[in-house]
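Enquirer: Sharing coords.txt (compact mmCIF, C-alpha atoms) below.
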# COMPACT_ATOMS: atom_id res chain seq x y z
CA GLU A 1 -194.77 -81.27 99.42
CA ALA A 2 -191.19 -79.98 99.41
CA LYS A 3 -189.51 -79.01 96.12
CA ILE A 4 -185.72 -78.57 96.10
CA ALA A 5 -183.44 -77.99 93.08
CA PHE A 6 -179.89 -79.40 93.20
CA SER A 7 -177.01 -78.70 90.83
CA GLY A 8 -175.41 -81.83 89.35
CA ASN A 9 -172.04 -82.75 87.92
CA SER A 10 -170.70 -81.47 84.59
CA ASN A 11 -169.06 -84.69 83.39
CA SER A 12 -169.41 -88.45 83.67
CA GLU A 13 -166.73 -88.97 86.36
CA SER A 14 -167.23 -86.47 89.20
CA ALA A 15 -169.74 -86.80 92.02
CA VAL A 16 -171.67 -83.97 93.65
CA ARG A 17 -172.84 -84.28 97.24
CA HIS A 18 -175.68 -82.29 98.81
CA GLU A 19 -176.59 -82.27 102.51
CA LEU A 20 -180.00 -80.98 103.52
CA GLN A 21 -180.00 -78.19 106.10
CA GLN A 22 -183.18 -79.59 107.66
CA GLY A 23 -184.40 -83.16 107.87
CA ILE A 24 -187.32 -84.30 105.72
CA VAL A 25 -189.79 -86.99 106.73
CA THR A 26 -191.15 -88.63 103.58
CA ARG A 27 -192.56 -91.81 102.11
CA PHE A 28 -191.75 -91.05 98.46
CA LEU A 29 -189.11 -89.24 96.39
CA ARG A 30 -189.67 -87.98 92.84
CA LEU A 31 -186.68 -86.79 90.79
CA ILE A 32 -187.16 -84.55 87.75
CA PRO A 33 -184.13 -83.56 85.58
CA LEU A 34 -184.33 -79.84 84.86
CA ASP A 35 -181.52 -79.26 82.34
CA TRP A 36 -179.27 -80.98 79.79
CA SER A 37 -175.49 -81.06 79.86
CA GLU A 38 -173.49 -78.94 77.42
CA GLU A 39 -172.70 -82.11 75.47
CA GLY A 40 -176.39 -82.55 74.76
CA ARG A 41 -176.68 -85.71 76.84
CA ILE A 42 -178.67 -86.30 79.99
CA GLY A 43 -178.27 -89.03 82.56
CA LEU A 44 -178.70 -89.64 86.26
CA ARG A 45 -177.24 -91.75 89.04
CA ILE A 46 -178.23 -90.95 92.60
CA GLU A 47 -177.63 -92.33 96.09
CA VAL A 48 -179.90 -91.22 98.94
CA TYR A 49 -178.92 -91.73 102.56
CA GLY A 50 -181.37 -91.57 105.41
CA CYS A 51 -182.44 -93.30 108.60
CA SER A 52 -185.57 -94.96 109.92
CA TYR A 53 -188.13 -92.70 111.51
CA TRP A 54 -190.42 -93.93 114.29
CA ALA A 55 -193.09 -91.58 115.57
CA ASP A 56 -195.17 -91.81 118.72
CA VAL A 57 -198.71 -91.29 117.43
CA ILE A 58 -201.59 -90.31 119.72
CA ASN A 59 -205.26 -90.51 118.85
CA PHE A 60 -207.74 -88.00 120.31
CA ASP A 61 -211.43 -88.87 120.18
CA GLY A 62 -212.70 -85.34 120.82
CA GLN A 63 -213.20 -85.73 124.56
CA GLY A 64 -209.79 -86.14 126.15
CA VAL A 65 -206.66 -84.00 126.41
CA ILE A 66 -203.02 -84.36 127.41
CA SER A 67 -201.97 -82.07 130.26
CA TYR A 68 -198.35 -80.93 130.38
CA ARG A 69 -197.56 -79.26 133.71
CA PHE A 70 -194.60 -77.06 134.53
CA LYS A 71 -193.57 -74.44 137.06
CA LYS A 72 -195.32 -71.08 136.73
CA MET A 73 -193.09 -68.82 134.67
CA LYS A 74 -192.92 -65.79 132.45
CA ILE A 75 -191.62 -67.00 129.10
CA ILE A 76 -189.91 -64.83 126.49
CA LYS A 77 -189.10 -67.70 124.12
CA ASP A 78 -191.24 -70.62 122.92
CA VAL A 79 -190.78 -73.36 120.36
CA ILE A 80 -193.80 -75.60 119.77
CA ALA A 81 -193.81 -78.26 117.06
CA LEU A 82 -196.26 -81.03 116.16
CA ARG A 83 -197.88 -82.93 113.32
CA PHE A 84 -201.60 -83.58 113.05
CA LYS A 85 -204.17 -85.19 110.80
CA THR A 86 -207.95 -85.01 111.05
CA SER A 87 -211.17 -85.11 109.05
CA GLU A 88 -212.76 -82.51 111.32
CA SER A 89 -212.84 -78.80 110.44
CA GLU A 90 -213.02 -77.57 114.06
CA GLY A 91 -211.00 -78.40 117.16
CA VAL A 92 -208.57 -76.99 119.74
CA ILE A 93 -205.08 -78.42 119.20
CA LEU A 94 -203.34 -76.74 122.15
CA HIS A 95 -204.18 -74.19 124.82
CA GLY A 96 -202.46 -72.51 127.75
CA GLU A 97 -203.47 -69.52 129.86
CA GLY A 98 -202.47 -67.49 132.91
CA GLN A 99 -204.39 -65.87 135.76
CA GLN A 100 -203.48 -62.40 134.47
CA GLY A 101 -205.18 -63.06 131.13
CA ASP A 102 -202.22 -64.25 129.04
CA TYR A 103 -202.96 -67.15 126.71
CA ILE A 104 -201.91 -69.08 123.63
CA THR A 105 -204.35 -71.16 121.59
CA LEU A 106 -203.89 -73.12 118.38
CA GLU A 107 -207.06 -74.47 116.82
CA LEU A 108 -208.79 -75.48 113.64
CA ARG A 109 -211.55 -73.14 112.47
CA ARG A 110 -213.38 -73.90 109.25
CA ALA A 111 -210.50 -76.21 108.29
CA LYS A 112 -207.97 -73.37 108.68
CA LEU A 113 -205.35 -73.06 111.40
CA LEU A 114 -205.86 -70.19 113.85
CA LEU A 115 -203.15 -69.06 116.29
CA GLN A 116 -204.15 -66.66 119.07
CA ILE A 117 -201.66 -65.14 121.51
CA ASN A 118 -202.19 -62.55 124.23
CA LEU A 119 -199.13 -61.10 125.97
CA GLY A 120 -199.56 -58.84 128.97
CA GLY A 121 -202.95 -60.19 129.95
CA ASN A 122 -205.74 -57.75 130.79
CA GLN A 123 -203.45 -54.93 131.83
CA TYR A 124 -205.27 -51.62 132.34
CA GLY A 125 -208.61 -53.30 131.67
CA SER A 126 -207.89 -54.05 128.02
CA ILE A 127 -206.49 -56.83 125.85
CA LEU A 128 -204.21 -54.74 123.68
CA GLY A 129 -201.78 -57.66 123.45
CA HIS A 130 -204.25 -59.95 121.66
CA THR A 131 -202.98 -61.17 118.27
CA SER A 132 -204.77 -63.53 115.89
CA VAL A 133 -203.24 -65.10 112.74
CA THR A 134 -204.78 -67.63 110.33
CA THR A 135 -203.00 -69.90 107.86
CA GLY A 136 -203.76 -72.81 105.54
CA SER A 137 -207.04 -74.20 104.21
CA LEU A 138 -208.76 -77.54 103.72
CA LEU A 139 -206.80 -78.98 106.64
CA ASP A 140 -209.57 -81.51 107.31
CA ASP A 141 -208.23 -83.69 104.46
CA ASN A 142 -207.07 -86.49 106.80
CA HIS A 143 -203.45 -85.99 105.71
CA TRP A 144 -200.51 -85.18 107.96
CA HIS A 145 -199.69 -81.48 108.43
CA SER A 146 -196.65 -80.05 110.24
CA VAL A 147 -196.86 -76.99 112.52
CA VAL A 148 -194.02 -75.04 114.14
CA ILE A 149 -194.51 -71.95 116.34
CA GLU A 150 -191.33 -70.05 117.24
CA ARG A 151 -191.68 -66.99 119.46
CA TYR A 152 -188.98 -64.70 120.82
CA ARG A 153 -190.52 -61.87 122.80
CA ARG A 154 -193.04 -60.31 120.38
CA ASN A 155 -191.55 -61.82 117.20
CA VAL A 156 -193.28 -64.97 115.96
CA ASN A 157 -192.63 -67.42 113.12
CA PHE A 158 -195.76 -69.46 112.39
CA THR A 159 -195.02 -72.33 110.00
CA LEU A 160 -197.51 -74.73 108.42
CA ASP A 161 -196.12 -77.37 106.06
CA ARG A 162 -192.93 -75.33 105.53
CA HIS A 163 -194.79 -72.13 104.67
CA THR A 164 -193.86 -69.49 107.27
CA GLN A 165 -195.65 -66.31 108.35
CA HIS A 166 -193.60 -63.76 110.28
CA PHE A 167 -195.43 -61.33 112.58
CA ARG A 168 -195.14 -59.30 115.77
CA THR A 169 -197.67 -59.58 118.54
CA ASN A 170 -199.69 -56.53 119.51
CA GLY A 171 -199.17 -54.58 122.71
CA GLU A 172 -195.98 -53.73 124.58
CA PHE A 173 -195.27 -56.87 126.61
CA ASP A 174 -192.68 -59.55 125.81
CA HIS A 175 -193.57 -62.31 128.28
CA LEU A 176 -196.15 -65.08 128.02
CA ASP A 177 -197.26 -65.62 131.62
CA LEU A 178 -198.76 -69.12 131.83
CA ASP A 179 -200.02 -70.92 134.94
CA TYR A 180 -198.54 -74.37 135.34
CA GLU A 181 -200.24 -76.17 132.44
CA LEU A 182 -200.40 -76.51 128.66
CA SER A 183 -203.07 -78.82 127.26
CA PHE A 184 -202.94 -80.65 123.92
CA GLY A 185 -206.09 -81.85 122.18
CA GLY A 186 -208.46 -79.36 123.75
CA MET A 187 -209.16 -77.02 126.62
CA PRO A 188 -208.22 -78.22 130.13
CA TYR A 189 -211.08 -80.03 131.85
CA SER A 190 -212.81 -77.92 134.50
CA GLY A 191 -216.23 -79.58 134.73
CA LYS A 192 -217.67 -76.82 132.58
CA PRO A 193 -218.51 -76.77 128.86
CA VAL A 194 -215.58 -75.94 126.55
CA GLY A 195 -215.14 -72.16 126.43
CA GLY A 196 -216.67 -70.24 123.56
CA GLY A 197 -218.37 -73.31 122.12
CA ARG A 198 -214.98 -74.67 121.06
CA LYS A 199 -214.64 -78.34 120.25
CA ASN A 200 -211.79 -80.53 121.34
CA PHE A 201 -209.50 -81.89 118.65
CA LYS A 202 -210.54 -85.19 117.08
CA GLY A 203 -207.85 -86.97 115.07
CA CYS A 204 -204.19 -87.89 115.44
CA MET A 205 -201.04 -86.07 116.53
CA GLU A 206 -197.40 -87.07 116.54
CA SER A 207 -193.98 -85.57 117.30
CA ILE A 208 -195.38 -83.05 119.81
CA ASN A 209 -192.53 -80.95 121.24
CA TYR A 210 -192.67 -78.01 123.62
CA ASN A 211 -189.44 -76.13 124.40
CA GLY A 212 -187.33 -79.25 123.98
CA ASP A 213 -189.65 -81.69 125.79
CA ASN A 214 -191.04 -84.57 123.71
CA ILE A 215 -194.67 -84.58 124.82
CA THR A 216 -195.69 -87.68 122.86
CA ASP A 217 -192.81 -89.69 124.33
CA LEU A 218 -193.68 -88.53 127.86
CA ALA A 219 -197.30 -89.53 127.28
CA ARG A 220 -196.25 -92.93 125.95
CA ARG A 221 -194.13 -93.52 129.07
CA LYS A 222 -197.06 -92.36 131.24
CA LYS A 223 -195.12 -89.37 132.56
CA LEU A 224 -198.05 -87.02 131.78
CA ASP A 225 -201.72 -86.96 132.70
CA THR A 226 -203.79 -88.37 129.86
CA SER A 227 -207.49 -89.06 130.02
CA SER A 228 -209.04 -92.40 129.09
CA PHE A 229 -210.20 -90.82 125.83
CA VAL A 230 -206.62 -90.50 124.54
CA ARG A 231 -205.07 -93.54 122.85
CA LYS A 232 -201.37 -94.06 122.13
CA THR A 233 -202.03 -95.05 118.52
CA CYS A 234 -203.79 -93.56 115.52
CA ILE A 235 -206.87 -95.72 115.04
CA HIS A 236 -207.72 -94.03 111.73
CA THR A 237 -204.49 -95.06 109.96
CA PRO A 238 -202.98 -98.07 111.76
CA MET A 239 -200.57 -98.91 108.91
CA GLU A 240 -199.02 -95.47 108.39
CA THR A 241 -196.98 -94.88 111.51
CA HIS A 242 -193.87 -96.91 110.61
CA SER A 243 -193.49 -96.28 106.88
CA TYR A 244 -191.31 -93.14 106.79
CA ALA A 245 -187.71 -92.40 105.95
CA HIS A 246 -185.90 -89.54 107.67
CA MET A 247 -183.72 -87.73 105.14
CA TYR A 248 -180.62 -85.73 106.04
Please re-express this file's structure in structure tokens.
Expert:
Amino acid sequence: EAKIAFSGNSNSESAVRHELQQGIVTRFLRLIPLDWSEEGRIGLRIEVYGCSYWADVINFDGQGVISYRFKKMKIIKDVIALRFKTSESEGVILHGEGQQGDYITLELRRAKLLLQINLGGNQYGSILGHTSVTTGSLLDDNHWHSVVIERYRRNVNFTLDRHTQHFRTNGEFDHLDLDYELSFGGMPYSGKPVGGGRKNFKGCMESINYNGDNITDLARRKKLDTSSFVRKTCIHTPMETHSYAHMY
């Protein structure tokens, strides 16, 4: 829920225009007057302009993942964004790792969101670059939640539903050295049980973006590897995916 206060006009003739710095995806608007005019009268006329919003929604049943492959690279900047909804309290939302021990994992643990990043791998026989941050609670409420991870070198902004945590990763390394693949919905399939007893994500995701690439759109157009356990619709809420307005 976003709460924004706007200043209004001071008379009955002038109009005041406000443009939002960031877009808002919403189904409802509630307007609450906060103050009276100096004349002791209160009134309201408002016009809201927006555009239709159509999201590619993907359903994960807890067994399948989406694999996004890229060239092996050392990355100093990442922007990952997605929306999810689930009734499960545990599940890996995304995971990527490198042969040197670097990794990034976003998962639900006890209905909280846990982000783990390790820069520099297992240099010198240690994992000094490991960083773990938790945010949110009761995220198994089967409502949509928005996540944005912005990393530049060791500086990270971790945002859940517009609440941002700022932190620096541990260690001395700036690069995230990943090997070819980032998986969404769980750990990459290797024929072995999921590492550490982790469960795959079970629920719905939409608007998945990684460094400018629209993952959900690529999956819809069959440009990515998706297992037979991943559906291009949210079977839990079939009527919700087209009922938004995009505010600007």
Enquirer: Point out the residue among A:Thr169, A:Thr216, A:Asn11, A:Gln116 with the least atom-to-atom distance to A:Leu44, counting only C-alpha atoms.
Expert: A:Asn11
Enquirer: Give me the residues within 8 Å of stretch 133-148 of chain A as a list in words, counting only C-alpha atoms and dropping any in the same chain fewer than 5 places off.
Expert: Val79, Ile80, Ala81, Leu82, Arg83, Phe84, Lys85, Thr86, Ser87, Glu88, Ser89, Ala111, Lys112, Leu113, Leu114, Leu115, Gln116, Asn157, Phe158, Thr159, Leu160, Asp161 and Arg162 of chain A
Enquirer: Mind giving me the straight-line distance from atom CA of A:Gln165 to atom CA of A:Glu150 in Å, one decimal?
Expert: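 A separation of 10.6 Å between them.
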Enquirer: So the first atom is atom CA of A:Asn170 and the second is atom CA of A:Gly129; what is the distance between them in Å, to one decimal place?
Expert: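 Answer for the atom CA of A:Asn170 to atom CA of A:Gly129 separation: 4.6 Å.
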Enquirer: Just the number, please: distance in Å from atom CA of A:Phe28 to atom CA of A:Ala5, one decimal.
Expert: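 Atom-to-atom, atom CA of A:Phe28 and atom CA of A:Ala5 are spaced 16.4 Å apart.
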